[in-house]
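Notes for the one structure printed next.
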Amino acid sequence: MEKFETFSGLLAPLDAQHADTDQIIPKQFLKRVERTGYGEFLFFDWRFNDDGSLNHDFEMNHDRYQGASILITRDNFGCGSSREHAPWALKGYGIRCIVAPSFADIFYNNCFNNGLLPVVLAADTVDRLFGELRANEGYALKVDLERRLLLTPSGEEIPFELDDFLRDRLLNGWDQVGLTLRHEDAITRWEKDHDID
Amino acid sequence: MSLNIYEKICAEHLVHQEPGQDPVLYIDRHYVHEVTSPQAFEGLRMAGRTVRRPGLTFATMDHNIPTTSRDQPIADPLSARQVETLAANCREFAVTCFDMHDPRSGIAHIIGPELGLTEPGMTVVCGDSHTSTHGAFGALAFGIGTSEVEHVLATQTLLNRTARTLQVKVDGQLGAGVTAKDLVLAIIGRLGTAGGTGFVIEYTGSAIRELSMEGRMTVCNMSIEAGARAGLVSPDDKTVAYLEGREYLEGRDFDSMAEGWLAWASDEGCDYDETLELNAADVEPQVTWGTSPGMVTGVLGQAPTLADLADAAERDTASRALQYMDLREGQAMTDITVNRVFIGSCTNGRIEDLREAARVACGHTVAAGVEQALVVPGSQQVRAQAEAEGLDKVFVEAGFQWRESGCSMCLAMNDDVLSPGDRCASTSNRNFEGRQGKGGRTHLVSPAMAAAAAVTGSFTDVRDWDYK
Ligand code: SF4
């Protein structure tokens with residue numbers, strides 16, 4: 001996994017609670033056997049009309065949000081299925097950080113295995129960011145994972161919580177399998193104690 | 001010290017813990033299916049790794065397969081490729097695979113218990129959120145992402161953040177015609193779709209003890225719909241009785257195994273971080289009106305009136321859901337007509353579910369306005385059992401379609417799909433926008449309620465059913 005470095009990026013809004021993984025990447029796109037190629041299908045049923053044209057009523061599709069690398073959304077983002085195709089689609093679209101008041105468990109975990117940073121902020125802070133983003137075209141945030149901060153264009157620092165281990169995994173781009181295998185002797189010992197051969 | 005079952009399982013399976021990091025747990029059982037595994041096997045290959053314990057992983061094909069005929073090759077080339085990829089990966093890494101021609105095949109969460117592969121006290125994972133189903137046996141069972149599938153294949157362990165525990169205690173008796181599905185929908189209605197986030201739920205109380213193993217699986221299955229990663233029930237005599245004689249337990253000393261299993265049950269007087277109490281007698285047959293499982297009410301209830309919702313975000317979400325579902329504010333559930341019916345899935349595709357639905361359907365005919373009423377058994381063994389009992393004939397005579405097993409219209413990856421505007425009474429677990437087909441509208445109900453909707457063409461209180 002590549003290392004997660006400090007970056008500045010445009011924000012795109014997804015003003016919906018409980019955006020589920022069936023919406024993030026609908027099932028008809030789960031038939032691939034690769035990890036890539038899902039970005040163009042992100043939020044497919046919302047982004048596109050039935051005839052395949054772009055749905056201009058969907059806020060993320062507005063010109064001003066093109067090229068966004070940060071998604072801001074509401075409660076319980078990523079609920080539903082465990083499909084890792086959801087973070088793959090977000091990454092494929094260019095998203096590297098998602099800001100929301102809360103995330104569903106499995107999705108949250110899946111992000112860290114894919115170099116994607118989920119940031120939990122208080123609901124009123126998220127609300128305020130939605131307001132600022134809509135009022136200011138080209139609204140961008142700087143994401144400083146090392147210091148666990150988001151920086152607004154006016155220089156305001158918004159701290160977020162994330163435990164050291166998860167932060168360090170992203171910062172270093174660690175491969176979790178490799179990390180665990182450093183304790184292979186402990187696994188072998190457990191297996192011996194439990195008669196697994 | 002008194003421990004609850006979750007604490008016991010975590011303690012026993014702890015392999016290693018670095019300070020400041022999540023505990024590494026040993027994984028006893030790993031189920032794999034065609035949709036979430038190809039990239040995991042590919043990852044192994046690219047890193048030059050092998051499957052550490054191939055004997056602990058079992059694969060099945062369930063999501064993508066047709067339910068019509070098993071004689072023809074899969075028509076959709078992409079689905080065919082996924083299924084072939086799984087078969088090839090299992091051959092390469094020496095993993096047992098029940099392919100779609102195997103009489104033991106079916107949905108992972110149905111066949112695991114059926115074959116005796118899921119045991120009390122185990123840690124069970126699968127790249128599928130409804131792995132929580134296996135919690136009915138007193139196993140710690142939860143869904144994982146594809147990177148974690150790869151991690152389990154390579155190391156037979158998983159990093160697992162310690163969850164908080166929520167006891168959902170249900171006492172009292174479910175009324176006639178009210179089922180495990182109604183109970184879990186009512187629980188989700190109370191908790192909300194995110195109310196269980198960060199928790200592992202243990203279901204306790206006399207009403208849970210009263211449930212059959214099938215019923216407990218239905219309840220645990222939908223724990224994820226309340227946001228909980230896992231849901232479980234402490235093992236008891238019913239658990240043991242269900243497992244006796246199952247294929248993968250043969251040749252082992254059953255009595256001593258059973259004794260070990262029962263020891264996993266939560267201790268008297270153990271603690272939980274939170275408790276929610278419900279009275280089963282208050283639960284009526286449930287129908288979802290919206291686009292998340294928490295948007296649910298009793299069959300005699302109504303869709304919400306927006307002005308009654310205090311929270312602005314909740315009002316927005318409800319308004320959007322009503323619009324998608326094409327329902328009026330305050331519309332009575334019994335005033336909703338359906339044109340499709342789906343009976344099946346890992347929530348309600350077991351033999352007991354089919355018996356329940358058949359009992360309602362028996363002697364009746366599918367309503368004229370219902371274009372398709374599908375019955376899809378959860379596994380080939382369930383299918384064979386149902387046929388042995390003549391349930392298939394009951395369904396077919398009433399005008400239902402009798403199919404081969406699989407996930408089918410639960411997520412509509414195969415040909416069983418709703419068309420835009422279709423309205424479906426479904427025994428599955430998710431009513432998300434487009435879940436059963438783009439523009440399709442899903443109402444989650446119990447098998448009995450689904451069968452009744454097929455006969456009357458609208459939601460009907462099964463408590464008043466005219467059984468023939
Ligand atoms: S039946 Fe539905 S919920 Fe269950 S495993 Fe299949 S797709 Fe998932």
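Identifiers in this document derive from the order of the structure tokens: chains are assigned A, B, ..., residues are numbered from 1 separately in each chain, and ligands are numbered from 1 in order of occurrence.
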Give the residues of chain B that lie within 7 Å of chain A; count only C-alpha atoms, and format the answer as a ChimeraX atom specification.
-> /B:15-16,20-21,35-36,38-39,78-79,82,127-129,143-147,151,155,194,197-198,225,227,229,317,413,435
Quick one: residues within 12 Å of Glu156 (chain A), only C-alpha atoms, excluding same-chain residues fewer than 6 positions away - as a short mmCIF file (atom, residue, chain, number, x, y, z; two decimals) with C-alpha atoms, in the first residue's frame?
data_model
loop_
_atom_site.label_atom_id
_atom_site.label_comp_id
_atom_site.auth_asym_id
_atom_site.auth_seq_id
_atom_site.Cartn_x
_atom_site.Cartn_y
_atom_site.Cartn_z
CA LEU A 129 -18.44 22.36 6.52
CA LEU A 141 -9.25 21.19 2.83
CA LYS A 142 -5.74 20.20 3.77
CA LEU A 149 -5.93 17.80 11.56
CA LEU A 150 -8.05 19.16 8.77
#
Those in region 271-327 of chain B with alpha helix (DSSP H) from DSSP, as a PyMOL selection string = chain B and resi 312-325
Now that the selection is made, can you save its residues with all heavy atoms as a compact mmCIF listing (two decimals), in the first residue's frame?
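Okay, selection31.txt is ready:
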# COMPACT_ATOMS: atom_id res chain seq x y z
N ALA B 312 -34.50 17.12 11.86
CA ALA B 312 -34.55 17.56 10.46
C ALA B 312 -33.92 16.53 9.52
O ALA B 312 -34.47 16.23 8.45
CB ALA B 312 -33.86 18.91 10.30
N ALA B 313 -32.77 15.99 9.92
CA ALA B 313 -32.09 15.02 9.05
C ALA B 313 -32.95 13.77 8.88
O ALA B 313 -33.05 13.20 7.79
CB ALA B 313 -30.74 14.65 9.66
N GLU B 314 -33.59 13.37 9.98
CA GLU B 314 -34.44 12.18 9.94
C GLU B 314 -35.64 12.43 9.02
O GLU B 314 -36.06 11.56 8.27
CB GLU B 314 -34.92 11.89 11.36
CG GLU B 314 -35.39 10.48 11.59
CD GLU B 314 -36.01 10.31 12.97
OE1 GLU B 314 -35.58 11.02 13.91
OE2 GLU B 314 -36.93 9.50 13.09
N ARG B 315 -36.17 13.65 9.08
CA ARG B 315 -37.30 14.03 8.23
C ARG B 315 -36.91 13.96 6.76
O ARG B 315 -37.63 13.41 5.94
CB ARG B 315 -37.76 15.45 8.60
CG ARG B 315 -39.24 15.63 8.47
CD ARG B 315 -39.77 16.86 9.20
NE ARG B 315 -38.87 17.99 9.20
CZ ARG B 315 -38.44 18.59 10.32
NH1 ARG B 315 -38.83 18.15 11.50
NH2 ARG B 315 -37.63 19.62 10.25
N ASP B 316 -35.73 14.49 6.47
CA ASP B 316 -35.20 14.46 5.10
C ASP B 316 -35.08 13.03 4.59
O ASP B 316 -35.48 12.71 3.47
CB ASP B 316 -33.77 15.01 5.08
CG ASP B 316 -33.75 16.46 4.76
OD1 ASP B 316 -34.84 17.07 4.80
OD2 ASP B 316 -32.64 16.97 4.47
N THR B 317 -34.46 12.19 5.44
CA THR B 317 -34.23 10.80 5.06
C THR B 317 -35.56 10.09 4.84
O THR B 317 -35.73 9.35 3.87
CB THR B 317 -33.41 10.09 6.16
OG1 THR B 317 -32.24 10.89 6.40
CG2 THR B 317 -33.00 8.70 5.77
N ALA B 318 -36.52 10.33 5.72
CA ALA B 318 -37.84 9.69 5.60
C ALA B 318 -38.56 10.18 4.35
O ALA B 318 -39.18 9.40 3.62
CB ALA B 318 -38.67 9.96 6.84
N SER B 319 -38.43 11.44 4.08
CA SER B 319 -39.12 12.01 2.93
C SER B 319 -38.58 11.43 1.63
O SER B 319 -39.32 11.06 0.71
CB SER B 319 -38.97 13.54 2.98
OG SER B 319 -39.02 14.09 1.71
N ARG B 320 -37.26 11.33 1.58
CA ARG B 320 -36.60 10.71 0.44
C ARG B 320 -37.04 9.25 0.25
O ARG B 320 -37.29 8.79 -0.85
CB ARG B 320 -35.09 10.71 0.72
CG ARG B 320 -34.23 11.11 -0.41
CD ARG B 320 -32.82 10.66 -0.14
NE ARG B 320 -32.50 9.72 -1.19
CZ ARG B 320 -31.73 10.03 -2.23
NH1 ARG B 320 -31.16 11.19 -2.29
NH2 ARG B 320 -31.51 9.16 -3.17
N ALA B 321 -37.12 8.56 1.38
CA ALA B 321 -37.48 7.14 1.34
C ALA B 321 -38.93 6.98 0.85
O ALA B 321 -39.22 6.12 0.01
CB ALA B 321 -37.32 6.50 2.72
N LEU B 322 -39.82 7.82 1.34
CA LEU B 322 -41.24 7.74 0.91
C LEU B 322 -41.33 7.98 -0.59
O LEU B 322 -42.08 7.32 -1.30
CB LEU B 322 -42.09 8.76 1.66
CG LEU B 322 -42.37 8.45 3.12
CD1 LEU B 322 -43.13 9.60 3.78
CD2 LEU B 322 -43.17 7.16 3.27
N GLN B 323 -40.54 8.93 -1.03
CA GLN B 323 -40.55 9.25 -2.45
C GLN B 323 -40.06 8.06 -3.28
O GLN B 323 -40.70 7.67 -4.25
CB GLN B 323 -39.65 10.46 -2.67
CG GLN B 323 -39.91 11.15 -3.96
CD GLN B 323 -38.99 12.35 -4.11
OE1 GLN B 323 -38.08 12.58 -3.28
NE2 GLN B 323 -39.19 13.12 -5.15
N TYR B 324 -38.94 7.49 -2.86
CA TYR B 324 -38.41 6.35 -3.60
C TYR B 324 -39.41 5.19 -3.58
O TYR B 324 -39.61 4.51 -4.59
CB TYR B 324 -37.07 5.88 -2.99
CG TYR B 324 -36.49 4.71 -3.74
CD1 TYR B 324 -35.69 4.90 -4.88
CD2 TYR B 324 -36.76 3.40 -3.35
CE1 TYR B 324 -35.20 3.84 -5.60
CE2 TYR B 324 -36.28 2.32 -4.07
CZ TYR B 324 -35.49 2.54 -5.19
OH TYR B 324 -35.01 1.47 -5.91
N MET B 325 -40.02 4.97 -2.43
CA MET B 325 -40.95 3.85 -2.29
C MET B 325 -42.32 4.16 -2.88
O MET B 325 -43.19 3.29 -2.92
CB MET B 325 -41.10 3.48 -0.80
CG MET B 325 -39.84 2.93 -0.15
SD MET B 325 -39.27 1.39 -0.89
CE MET B 325 -40.54 0.25 -0.33
Residues of chain B that approach ligand 1 to 7 Å or less, counting only C-alpha atoms and all ligand atoms: could you list each one with the shortest pair of atoms and its distance in Å to one decimal, rows by chain and increasing residue number, as a tab-separated table?
residue	atom	partner	partner_atom_place_in_ligand_line	distance
B:Asp62	CA	ligand 1	6 (Fe)	6.5
B:His63	CA	ligand 1	6 (Fe)	5.5
B:Ile107	CA	ligand 1	6 (Fe)	6.1
B:Ala108	CA	ligand 1	5 (S)	6.7
B:His109	CA	ligand 1	5 (S)	6.7
B:Asp128	CA	ligand 1	5 (S)	6.4
B:His130	CA	ligand 1	3 (S)	5.8
B:Ser345	CA	ligand 1	1 (S)	3.7
B:Cys346	CA	ligand 1	4 (Fe)	4.2
B:Thr347	CA	ligand 1	4 (Fe)	6.5
B:Cys407	CA	ligand 1	6 (Fe)	4.0
B:Cys410	CA	ligand 1	2 (Fe)	4.5
B:Leu411	CA	ligand 1	7 (S)	5.0
B:Ser428	CA	ligand 1	2 (Fe)	6.5
B:Asn429	CA	ligand 1	3 (S)	6.3
Quick one: pick out all strand (DSSP E) residues within region 1-58 of chain B from a backbone DSSP run and write them as a ChimeraX atom specification.
-> /B:14-16,24-26,29-33,57-58
Would you save the residues of that selection, restricted to all heavy atoms, as a compact mmCIF listing (two decimals), in the first residue's frame?
# COMPACT_ATOMS: atom_id res chain seq x y z
N LEU B 14 -7.29 -15.39 21.76
CA LEU B 14 -6.24 -14.38 21.66
C LEU B 14 -4.90 -15.02 21.33
O LEU B 14 -4.41 -15.88 22.06
CB LEU B 14 -6.12 -13.61 22.99
CG LEU B 14 -5.07 -12.52 22.98
CD1 LEU B 14 -5.46 -11.39 22.03
CD2 LEU B 14 -4.83 -11.98 24.38
N VAL B 15 -4.33 -14.61 20.22
CA VAL B 15 -3.04 -15.15 19.79
C VAL B 15 -1.92 -14.22 20.25
O VAL B 15 -0.87 -14.65 20.71
CB VAL B 15 -3.02 -15.29 18.25
CG1 VAL B 15 -1.60 -15.55 17.75
CG2 VAL B 15 -3.96 -16.39 17.80
N HIS B 16 -2.19 -12.93 20.14
CA HIS B 16 -1.12 -11.98 20.35
C HIS B 16 -1.72 -10.59 20.46
O HIS B 16 -2.73 -10.30 19.84
CB HIS B 16 -0.18 -12.02 19.13
CG HIS B 16 0.95 -11.07 19.22
ND1 HIS B 16 2.06 -11.31 19.98
CD2 HIS B 16 1.13 -9.83 18.67
CE1 HIS B 16 2.89 -10.28 19.87
NE2 HIS B 16 2.34 -9.38 19.10
N VAL B 24 -5.03 -9.80 18.15
CA VAL B 24 -5.04 -10.72 17.02
C VAL B 24 -5.74 -12.00 17.48
O VAL B 24 -5.30 -12.63 18.44
CB VAL B 24 -3.60 -11.05 16.58
CG1 VAL B 24 -3.60 -12.08 15.45
CG2 VAL B 24 -2.86 -9.79 16.15
N LEU B 25 -6.84 -12.35 16.83
CA LEU B 25 -7.60 -13.54 17.22
C LEU B 25 -7.38 -14.68 16.23
O LEU B 25 -7.27 -14.45 15.02
CB LEU B 25 -9.10 -13.24 17.26
CG LEU B 25 -9.63 -12.22 18.25
CD1 LEU B 25 -11.16 -12.25 18.25
CD2 LEU B 25 -9.10 -12.48 19.65
N TYR B 26 -7.37 -15.88 16.74
CA TYR B 26 -7.31 -17.05 15.87
C TYR B 26 -8.70 -17.27 15.26
O TYR B 26 -9.72 -17.10 15.93
CB TYR B 26 -6.88 -18.31 16.63
CG TYR B 26 -6.39 -19.37 15.68
CD1 TYR B 26 -5.10 -19.30 15.16
CD2 TYR B 26 -7.21 -20.42 15.27
CE1 TYR B 26 -4.64 -20.25 14.25
CE2 TYR B 26 -6.76 -21.37 14.37
CZ TYR B 26 -5.47 -21.27 13.85
OH TYR B 26 -5.02 -22.20 12.95
N ARG B 29 -13.03 -20.91 11.74
CA ARG B 29 -13.76 -21.29 10.54
C ARG B 29 -13.86 -20.09 9.60
O ARG B 29 -14.19 -18.99 10.02
CB ARG B 29 -15.18 -21.76 10.92
CG ARG B 29 -16.01 -22.20 9.74
CD ARG B 29 -15.49 -23.49 9.09
NE ARG B 29 -15.68 -24.65 9.94
CZ ARG B 29 -14.68 -25.52 10.23
NH1 ARG B 29 -13.46 -25.35 9.75
NH2 ARG B 29 -14.92 -26.56 11.01
N HIS B 30 -13.57 -20.35 8.34
CA HIS B 30 -13.58 -19.29 7.33
C HIS B 30 -14.39 -19.77 6.15
O HIS B 30 -14.08 -20.81 5.57
CB HIS B 30 -12.12 -19.01 6.92
CG HIS B 30 -11.97 -17.87 5.95
ND1 HIS B 30 -10.85 -17.73 5.17
CD2 HIS B 30 -12.78 -16.85 5.63
CE1 HIS B 30 -10.98 -16.64 4.41
NE2 HIS B 30 -12.15 -16.09 4.67
N TYR B 31 -15.46 -19.04 5.83
CA TYR B 31 -16.25 -19.36 4.63
C TYR B 31 -15.89 -18.36 3.54
O TYR B 31 -15.62 -17.18 3.81
CB TYR B 31 -17.75 -19.28 4.93
CG TYR B 31 -18.21 -20.26 5.97
CD1 TYR B 31 -18.61 -19.84 7.24
CD2 TYR B 31 -18.23 -21.63 5.70
CE1 TYR B 31 -19.02 -20.75 8.21
CE2 TYR B 31 -18.64 -22.55 6.66
CZ TYR B 31 -19.03 -22.10 7.92
OH TYR B 31 -19.43 -23.00 8.87
N VAL B 32 -15.92 -18.85 2.31
CA VAL B 32 -15.49 -18.03 1.18
C VAL B 32 -16.53 -18.16 0.07
O VAL B 32 -17.06 -19.25 -0.14
CB VAL B 32 -14.11 -18.56 0.72
CG1 VAL B 32 -13.81 -18.14 -0.70
CG2 VAL B 32 -13.00 -18.11 1.66
N HIS B 33 -16.86 -17.05 -0.59
CA HIS B 33 -17.73 -17.16 -1.77
C HIS B 33 -17.12 -16.41 -2.95
O HIS B 33 -16.11 -15.74 -2.82
CB HIS B 33 -19.17 -16.74 -1.46
CG HIS B 33 -19.36 -15.29 -1.14
ND1 HIS B 33 -19.35 -14.32 -2.10
CD2 HIS B 33 -19.55 -14.65 0.05
CE1 HIS B 33 -19.54 -13.14 -1.53
NE2 HIS B 33 -19.65 -13.31 -0.23
N THR B 57 -10.96 -23.60 5.96
CA THR B 57 -11.72 -22.74 5.04
C THR B 57 -12.59 -23.60 4.13
O THR B 57 -12.14 -24.64 3.65
CB THR B 57 -10.75 -21.88 4.20
OG1 THR B 57 -10.07 -20.97 5.05
CG2 THR B 57 -11.47 -21.09 3.13
N PHE B 58 -13.83 -23.15 3.92
CA PHE B 58 -14.76 -23.85 3.03
C PHE B 58 -15.38 -22.84 2.07
O PHE B 58 -15.79 -21.76 2.49
CB PHE B 58 -15.85 -24.57 3.83
CG PHE B 58 -15.31 -25.74 4.60
CD1 PHE B 58 -14.72 -25.56 5.84
CD2 PHE B 58 -15.36 -27.01 4.06
CE1 PHE B 58 -14.19 -26.64 6.55
CE2 PHE B 58 -14.83 -28.09 4.76
CZ PHE B 58 -14.25 -27.91 6.00
For each of B:Val296, B:Val233, B:Val184, B:Val287, take the minimum atom-to-atom distance to Val200 (chain B), counting only C-alpha atoms, then give the residue where this is smallest.
->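 The answer is B:Val233, which sits nearest to Val200 (chain B).
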Between B:Thr193, B:Gln17, B:Thr427, B:Thr118, single out the one closest to Val240 (chain B), counting only C-alpha atoms.
->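 Closest candidate: B:Thr118.
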Using only C-alpha atoms, the residue out of B:Gly363, B:Gly290, B:Gly106, B:Gly172 with shortest distance to Glu433 (chain B) is B:Gly290
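Comparing the minimum interatomic distances between Arg182 (chain A) and each of B:Asp466, B:Leu249, B:Glu18, B:Gln381, counting only C-alpha atoms, we find that B:Glu18 sits nearest.
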Write out as a list in words which residues come within 12 Å of Gly9 (chain A) when counting only C-alpha atoms, dropping same-chain ones fewer than 3 positions away.
->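 Listed by chain and then number, they are Thr6, Ala12, Tyr65, Gln66, Gly67, Ala68, Ser69, Ile70, Leu71, Ile72, Gly94, Ile95, Arg96, Cys97, Ile98, Gly138, Tyr139, Ala140, Leu141, Lys142, Val143, Asp144, Leu150, Leu151, Thr152 and Pro153 of chain A.
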